[in-house]
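Participant: Can you read through this structure? Questions will come right after.
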Amino acid sequence: MALIREMLFADDAAFAAHSEKALQQLIEHLTHACNEFGLTISLKKTNIIAQDVSNVPCITIGNHTLEVMNGFTYLGFFISNKLSLDAELNSNSYRPPNQESVEQQEATINTKMRIYLACVLSILICCSETWTLYKHQEHRLNAFHLRKERS
């Protein structure tokens, strides 16, 4: 089994660790690497979340203590400290950004279905293999899917 410690995309990064000490070490390595290449970490935009912990971690960069958040959006998906998909399902991130194009009267049903399957459904189930669904969440996703198929 592999442990994914960082998720990188463009100029965004998310780091994961199993302990406060391990996360602090990752941050120190990142800080050192940035210093070596003359890069600056934006302290205003650097936050942490802690999932399934009893004590809130204290992670620092230099003399700056990073703010602990309840969650954050990464690549359009909301990652919560609650270990639940409810926050993601309640957000707008799984809804298509340009739904008007799917619902245009001029488009045929076949075209609408192709757009839905290619754009909407693929966004909806992106990374679903990592989800742990509860029955009520599965019901909400199925209801959304059936509602969109009908429309």
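Ligands are numbered from 1 in the order shown, chains are lettered A, B, ... in the order of the structure tokens, and residues start at 1 in each chain.
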Might you pull out every residue within 7 Å of Gln51 (chain A), with only C-alpha atoms counted and same-chain residues fewer than 4 positions away left off, and present them as an MDAnalysis selection string?
Facilitator: chainID A and resid 81:83
Participant: Residues of the last selection are to be written out with C-alpha atoms, as an mmCIF file, in the first residue's frame.
Facilitator:
```cif
data_model
loop_
_atom_site.group_PDB
_atom_site.id
_atom_site.type_symbol
_atom_site.label_atom_id
_atom_site.label_comp_id
_atom_site.auth_asym_id
_atom_site.auth_seq_id
_atom_site.Cartn_x
_atom_site.Cartn_y
_atom_site.Cartn_z
ATOM 1 C CA ASN A 81 -12.529 17.826 8.837
ATOM 2 C CA LYS A 82 -15.670 15.770 9.566
ATOM 3 C CA LEU A 83 -14.697 12.674 7.507
#
```
Participant: So what do you get for CA of Asn47 (chain A) versus CA of Leu85 (chain A), distance-wise?
Facilitator: 20.4 Å
Participant: Could you pull the residues within 12 Å of Leu146 (chain A), counting only C-alpha atoms, minus those fewer than 5 positions along the same chain, as a ChimeraX atom specification?
Facilitator: /A:116,121,139-141,151
Participant: Please produce an output containing N, CA, C and O atoms for each residue in the selection, written as a short mmCIF file (atom, residue, chain, number, x, y, z; two decimals), in the first residue's frame.
Facilitator:
```cif
data_model
loop_
_atom_site.label_atom_id
_atom_site.label_comp_id
_atom_site.auth_asym_id
_atom_site.auth_seq_id
_atom_site.Cartn_x
_atom_site.Cartn_y
_atom_site.Cartn_z
N TYR A 116 -24.73 15.41 -20.41
CA TYR A 116 -24.86 15.01 -19.00
C TYR A 116 -23.85 13.92 -18.64
O TYR A 116 -23.15 14.02 -17.63
N LEU A 121 -22.04 13.99 -15.06
CA LEU A 121 -21.84 12.75 -14.32
C LEU A 121 -20.37 12.50 -14.01
O LEU A 121 -20.03 12.04 -12.92
N HIS A 139 -28.64 7.90 -1.23
CA HIS A 139 -29.99 8.27 -1.65
C HIS A 139 -29.99 9.66 -2.32
O HIS A 139 -30.62 9.85 -3.36
N ARG A 140 -29.26 10.61 -1.74
CA ARG A 140 -29.19 11.96 -2.32
C ARG A 140 -28.53 11.95 -3.69
O ARG A 140 -28.98 12.63 -4.62
N LEU A 141 -27.46 11.18 -3.84
CA LEU A 141 -26.78 11.09 -5.14
C LEU A 141 -27.67 10.43 -6.18
O LEU A 141 -27.74 10.88 -7.33
N SER A 151 -34.90 15.37 -16.44
CA SER A 151 -34.94 16.72 -17.04
C SER A 151 -34.20 16.73 -18.36
O SER A 151 -34.43 17.50 -19.23
#
```
Participant: Could you check how far CA of Ala143 (chain A) sits from CA of Phe72 (chain A), in Å to one decimal?
Facilitator: 25.9 Å
Participant: Just checking: using only C-alpha atoms, which residue out of A:Ile41, A:Val68, A:Met113, A:Ala33 ends up closest to Asp12 (chain A)?
Facilitator: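 Among A:Ile41, A:Val68, A:Met113, A:Ala33, it is A:Ile41 that comes nearest to Asp12 (chain A).
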Participant: Near region 57-64 of chain A, within 12 Å and counting only C-alpha atoms, which residues show up once chain neighbours fewer than 2 positions away are dropped, as a ChimeraX atom specification?
Facilitator: /A:17-32,34-35,40-44,46-55,66-69
